[in-house]
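First the structure, in the form of C-alpha cells, and then the observations on it.
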Amino acid sequence: MPALVCSAQNCIYNNAMYCSKGDIKIGGEDATVCQDTRCESFQERKRENVRSSMGMPSIDTDIKCEACNCRYNEKCVCHAEHVDISGAAAHRSGETECVTFEEGR
C-alpha cells in the first residue's frame, strides 16, 4: 500500500496532510502528465462539516488508479512507494492532481 501525503486541505478527508478515507481513486485515464490526473475522491470541506470525515488519518492508503499510462499503475492499482496529491486551494476534484504520476507504459 502506498504512503500517501495530501496537500488538498479543503478536502473533507484531509487530516494533517493524511487521508482519513482509507481508499481513494485517481482519475485521468488518458493522462500523459500529472496535471491530467485528479483525486476523484476529493470532497470539499464545507462550513457545516468542518472536521475531517471517515475516521483516523493514515499514511497508508489503498489507491485505485485510472491513469493507464502511469508507470506505477498495475491493473488499476497504484504500486508507487510514496504518493503525493496536490491541490492546497482545491474546491473540486479537477483542481487536484497526483504529483507522483510518471508516464511510462
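Naming scheme: A, B, ... for chains in displayed order of the C-alpha cells; residues 1 onward per chain; ligands 1 onward as shown.
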Problem set entry | Contacts of Cys11 (chain A) within 12 Å, only C-alpha atoms, excl. fewer than 4 positions in-chain, as an MDAnalysis selection string | chainID A and resid 6:7 15:21 39:47 49:54 85:93 95:96
Output C-alpha atoms for every residue in the selection just made, as a PDB file, in the first residue's frame.
```pdb
ATOM      1  CA  CYS A   6      -2.100  15.054   0.500  1.00  0.00           C
ATOM      2  CA  SER A   7      -1.984  18.837   0.354  1.00  0.00           C
ATOM      3  CA  ASN A  15      -6.468  15.350   8.344  1.00  0.00           C
ATOM      4  CA  ALA A  16      -2.981  16.754   8.983  1.00  0.00           C
ATOM      5  CA  MET A  17      -1.913  16.088   5.359  1.00  0.00           C
ATOM      6  CA  TYR A  18      -3.033  12.445   5.522  1.00  0.00           C
ATOM      7  CA  CYS A  19      -6.188  10.858   4.153  1.00  0.00           C
ATOM      8  CA  SER A  20      -8.785   9.613   6.614  1.00  0.00           C
ATOM      9  CA  LYS A  21     -10.897   7.932   3.904  1.00  0.00           C
ATOM     10  CA  CYS A  39      -8.243  12.727  -6.995  1.00  0.00           C
ATOM     11  CA  GLU A  40     -11.767  11.526  -7.774  1.00  0.00           C
ATOM     12  CA  SER A  41     -12.392  11.002  -4.053  1.00  0.00           C
ATOM     13  CA  PHE A  42     -11.942  14.701  -3.228  1.00  0.00           C
ATOM     14  CA  GLN A  43     -14.945  16.256  -1.482  1.00  0.00           C
ATOM     15  CA  GLU A  44     -14.826  19.891  -0.493  1.00  0.00           C
ATOM     16  CA  ARG A  45     -14.954  20.612   3.212  1.00  0.00           C
ATOM     17  CA  LYS A  46     -17.924  22.907   3.801  1.00  0.00           C
ATOM     18  CA  ARG A  47     -18.513  25.168   6.775  1.00  0.00           C
ATOM     19  CA  ASN A  49     -18.658  19.781   8.025  1.00  0.00           C
ATOM     20  CA  VAL A  50     -15.510  21.477   9.313  1.00  0.00           C
ATOM     21  CA  ARG A  51     -13.964  18.326  10.767  1.00  0.00           C
ATOM     22  CA  SER A  52     -12.487  15.578   8.648  1.00  0.00           C
ATOM     23  CA  SER A  53     -14.633  12.566   7.892  1.00  0.00           C
ATOM     24  CA  MET A  54     -14.363   8.780   7.954  1.00  0.00           C
ATOM     25  CA  ILE A  85      -1.628  14.546  -4.056  1.00  0.00           C
ATOM     26  CA  SER A  86      -1.569  18.308  -4.604  1.00  0.00           C
ATOM     27  CA  GLY A  87      -4.366  20.841  -4.511  1.00  0.00           C
ATOM     28  CA  ALA A  88      -3.840  23.102  -1.495  1.00  0.00           C
ATOM     29  CA  ALA A  89      -6.558  25.537  -2.609  1.00  0.00           C
ATOM     30  CA  ALA A  90      -8.773  22.988  -4.399  1.00  0.00           C
ATOM     31  CA  HIS A  91     -12.548  23.328  -4.261  1.00  0.00           C
ATOM     32  CA  ARG A  92     -13.288  20.442  -6.636  1.00  0.00           C
ATOM     33  CA  SER A  93     -11.653  17.241  -7.838  1.00  0.00           C
ATOM     34  CA  GLU A  95      -8.178  21.170  -9.043  1.00  0.00           C
ATOM     35  CA  THR A  96      -6.197  18.280  -7.541  1.00  0.00           C
TER      36      THR A  96
END
```
For this session: Return as an MDAnalysis selection string the full set of residues in chain A whose backbone-based DSSP assignment is helix (DSSP H, G or I).
Result: chainID A and resid 34:36 47:49 93:95
Write a file of the just-selected residues containing N, CA, C and O atoms, as a PDB file, in the first residue's frame.
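Result went into result-v4.pdb, see below:
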```
ATOM      1  N   CYS A  34       1.201  14.772 -14.931  1.00  0.00           N
ATOM      2  CA  CYS A  34       0.460  14.750 -13.667  1.00  0.00           C
ATOM      3  C   CYS A  34      -0.708  15.735 -13.657  1.00  0.00           C
ATOM      4  O   CYS A  34      -1.720  15.484 -13.008  1.00  0.00           O
ATOM      5  N   GLN A  35      -0.614  16.830 -14.399  1.00  0.00           N
ATOM      6  CA  GLN A  35      -1.700  17.812 -14.438  1.00  0.00           C
ATOM      7  C   GLN A  35      -2.974  17.248 -15.072  1.00  0.00           C
ATOM      8  O   GLN A  35      -4.045  17.826 -14.917  1.00  0.00           O
ATOM      9  N   ASP A  36      -2.870  16.123 -15.752  1.00  0.00           N
ATOM     10  CA  ASP A  36      -4.039  15.476 -16.357  1.00  0.00           C
ATOM     11  C   ASP A  36      -4.716  14.506 -15.395  1.00  0.00           C
ATOM     12  O   ASP A  36      -5.711  13.872 -15.748  1.00  0.00           O
ATOM     13  N   ARG A  47     -18.460  24.586   5.430  1.00  0.00           N
ATOM     14  CA  ARG A  47     -18.513  25.168   6.775  1.00  0.00           C
ATOM     15  C   ARG A  47     -19.255  24.247   7.749  1.00  0.00           C
ATOM     16  O   ARG A  47     -18.874  24.108   8.897  1.00  0.00           O
ATOM     17  N   GLU A  48     -20.313  23.583   7.283  1.00  0.00           N
ATOM     18  CA  GLU A  48     -21.107  22.724   8.171  1.00  0.00           C
ATOM     19  C   GLU A  48     -20.426  21.396   8.485  1.00  0.00           C
ATOM     20  O   GLU A  48     -20.815  20.691   9.399  1.00  0.00           O
ATOM     21  N   ASN A  49     -19.377  21.030   7.730  1.00  0.00           N
ATOM     22  CA  ASN A  49     -18.658  19.781   8.025  1.00  0.00           C
ATOM     23  C   ASN A  49     -17.162  20.084   8.170  1.00  0.00           C
ATOM     24  O   ASN A  49     -16.336  19.527   7.494  1.00  0.00           O
ATOM     25  N   SER A  93     -12.570  18.300  -7.439  1.00  0.00           N
ATOM     26  CA  SER A  93     -11.653  17.241  -7.838  1.00  0.00           C
ATOM     27  C   SER A  93     -10.688  17.665  -8.943  1.00  0.00           C
ATOM     28  O   SER A  93      -9.499  17.354  -8.898  1.00  0.00           O
ATOM     29  N   GLY A  94     -11.184  18.393  -9.928  1.00  0.00           N
ATOM     30  CA  GLY A  94     -10.371  18.807 -11.063  1.00  0.00           C
ATOM     31  C   GLY A  94      -9.242  19.757 -10.711  1.00  0.00           C
ATOM     32  O   GLY A  94      -8.378  20.035 -11.534  1.00  0.00           O
ATOM     33  N   GLU A  95      -9.244  20.268  -9.494  1.00  0.00           N
ATOM     34  CA  GLU A  95      -8.178  21.170  -9.043  1.00  0.00           C
ATOM     35  C   GLU A  95      -7.123  20.430  -8.226  1.00  0.00           C
ATOM     36  O   GLU A  95      -6.268  21.048  -7.610  1.00  0.00           O
TER      37      GLU A  95
END
```
Problem set entry | Of the listed residues A:Asn14, A:Thr100, A:Ser58, A:Gln9, that which approaches Arg71 (chain A) most closely, counting only C-alpha atoms | A:Thr100
Problem set entry | Best match for closeness to Asp62 (chain A) among A:Val33, A:Asn10, A:Leu4, A:Glu103, counting only C-alpha atoms |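 Among the listed residues, the smallest separation from Asp62 (chain A) belongs to A:Leu4.
With only C-alpha atoms as the atoms that count, the minimum distance from Glu66 (chain A) to the choices A:Glu81, A:Glu102, A:Asp23, A:Asp30 is reached by A:Asp30.
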Problem set entry | Atomic separation - CA of Val83 (chain A) relative to CA of Thr32 (chain A), Å |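 The value is 16.9 Å.
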Problem set entry | All strand (DSSP E or B) residues (DSSP, backbone) inside chain A, as number ranges by chain | A: 3-6, 11, 14-15, 18-19, 23-27, 38-39, 44, 58, 60, 62-65, 70, 73-74, 77-78, 82-86, 97-98, 103
How about saving the chosen residues, N, CA and C atoms kept, as a tab-separated table (two decimals), in the first residue's frame?
```
chain	number	residue	atom	x	y	z
A	3	ALA	N	2.39	4.97	0.60
A	3	ALA	CA	2.33	6.01	1.62
A	3	ALA	C	1.82	7.28	0.93
A	4	LEU	N	0.72	7.83	1.40
A	4	LEU	CA	0.06	8.97	0.76
A	4	LEU	C	0.17	10.22	1.61
A	5	VAL	N	0.61	11.31	0.99
A	5	VAL	CA	0.60	12.62	1.61
A	5	VAL	C	-0.23	13.52	0.70
A	6	CYS	N	-1.16	14.26	1.29
A	6	CYS	CA	-2.10	15.05	0.50
A	6	CYS	C	-2.12	16.50	0.96
A	11	CYS	N	-10.21	19.35	1.45
A	11	CYS	CA	-10.93	18.07	1.31
A	11	CYS	C	-11.41	17.60	2.68
A	14	ASN	N	-9.06	15.14	4.42
A	14	ASN	CA	-7.70	15.53	4.78
A	14	ASN	C	-7.62	15.82	6.27
A	15	ASN	N	-6.70	15.15	6.92
A	15	ASN	CA	-6.47	15.35	8.34
A	15	ASN	C	-4.96	15.38	8.55
A	18	TYR	N	-2.80	13.86	5.79
A	18	TYR	CA	-3.03	12.45	5.52
A	18	TYR	C	-4.51	12.24	5.22
A	19	CYS	N	-4.81	11.14	4.54
A	19	CYS	CA	-6.19	10.86	4.15
A	19	CYS	C	-6.87	9.99	5.20
A	23	ASP	N	-9.24	4.80	1.35
A	23	ASP	CA	-9.01	4.43	-0.05
A	23	ASP	C	-9.40	5.62	-0.92
A	24	ILE	N	-8.68	5.81	-2.01
A	24	ILE	CA	-9.01	6.88	-2.93
A	24	ILE	C	-8.95	6.37	-4.36
A	25	LYS	N	-9.48	7.17	-5.26
A	25	LYS	CA	-9.46	6.83	-6.69
A	25	LYS	C	-8.83	7.99	-7.44
A	26	ILE	N	-7.84	7.68	-8.26
A	26	ILE	CA	-7.18	8.68	-9.09
A	26	ILE	C	-7.74	8.57	-10.50
A	27	GLY	N	-8.18	9.69	-11.04
A	27	GLY	CA	-8.70	9.74	-12.40
A	27	GLY	C	-7.66	10.30	-13.35
A	38	ARG	N	-6.33	13.56	-11.35
A	38	ARG	CA	-7.10	14.21	-10.28
A	38	ARG	C	-7.50	13.17	-9.24
A	39	CYS	N	-7.73	13.62	-8.03
A	39	CYS	CA	-8.24	12.73	-6.99
A	39	CYS	C	-9.76	12.73	-7.11
A	44	GLU	N	-15.14	18.63	-1.16
A	44	GLU	CA	-14.83	19.89	-0.49
A	44	GLU	C	-15.39	19.93	0.93
A	58	SER	N	-4.32	8.18	7.93
A	58	SER	CA	-3.34	7.12	7.80
A	58	SER	C	-2.39	7.45	6.66
A	60	ASP	N	-0.87	5.13	5.07
A	60	ASP	CA	-1.08	4.03	4.11
A	60	ASP	C	-2.52	4.07	3.61
A	62	ASP	N	-5.18	2.76	0.30
A	62	ASP	CA	-5.44	1.95	-0.90
A	62	ASP	C	-5.79	2.91	-2.04
A	63	ILE	N	-5.03	2.83	-3.14
A	63	ILE	CA	-5.24	3.77	-4.24
A	63	ILE	C	-5.60	3.03	-5.52
A	64	LYS	N	-6.83	3.23	-5.95
A	64	LYS	CA	-7.28	2.74	-7.25
A	64	LYS	C	-6.92	3.80	-8.27
A	65	CYS	N	-6.43	3.40	-9.44
A	65	CYS	CA	-5.91	4.37	-10.39
A	65	CYS	C	-6.39	4.10	-11.81
A	70	CYS	N	0.46	5.58	-16.41
A	70	CYS	CA	1.39	5.78	-15.30
A	70	CYS	C	2.21	4.50	-15.06
A	73	ASN	N	0.93	2.19	-12.23
A	73	ASN	CA	-0.40	1.58	-12.34
A	73	ASN	C	-0.26	0.13	-12.80
A	74	GLU	N	-0.69	-0.78	-11.95
A	74	GLU	CA	-0.72	-2.20	-12.29
A	74	GLU	C	-2.14	-2.70	-12.08
A	77	VAL	N	-4.36	-0.43	-9.93
A	77	VAL	CA	-3.96	-0.26	-8.54
A	77	VAL	C	-2.59	0.41	-8.53
A	78	CYS	N	-2.42	1.42	-7.69
A	78	CYS	CA	-1.15	2.13	-7.60
A	78	CYS	C	-0.14	1.31	-6.80
A	82	HIS	N	5.49	5.86	-2.58
A	82	HIS	CA	5.04	7.11	-1.96
A	82	HIS	C	4.22	7.90	-2.98
A	83	VAL	N	3.09	8.43	-2.57
A	83	VAL	CA	2.22	9.19	-3.47
A	83	VAL	C	1.92	10.56	-2.86
A	84	ASP	N	2.07	11.60	-3.69
A	84	ASP	CA	1.73	12.96	-3.28
A	84	ASP	C	0.54	13.44	-4.09
A	85	ILE	N	-0.48	13.93	-3.41
A	85	ILE	CA	-1.63	14.55	-4.06
A	85	ILE	C	-1.55	16.04	-3.76
A	86	SER	N	-1.62	16.86	-4.81
A	86	SER	CA	-1.57	18.31	-4.60
A	86	SER	C	-2.95	18.91	-4.83
A	97	GLU	N	-4.29	16.95	-8.21
A	97	GLU	CA	-3.53	16.10	-9.14
A	97	GLU	C	-2.62	15.17	-8.37
A	98	CYS	N	-2.29	14.07	-9.02
A	98	CYS	CA	-1.35	13.10	-8.46
A	98	CYS	C	0.04	13.50	-8.95
A	103	GLU	N	4.76	9.08	-16.53
A	103	GLU	CA	4.43	8.33	-17.75
A	103	GLU	C	5.48	7.24	-17.96
```
For this session: Rank A:Ile12, A:Gly22, A:Pro2, A:Phe101 by their smallest atom-to-atom distance to Cys68 (chain A), using only C-alpha atoms, and report the top residue only.
Result: A:Phe101
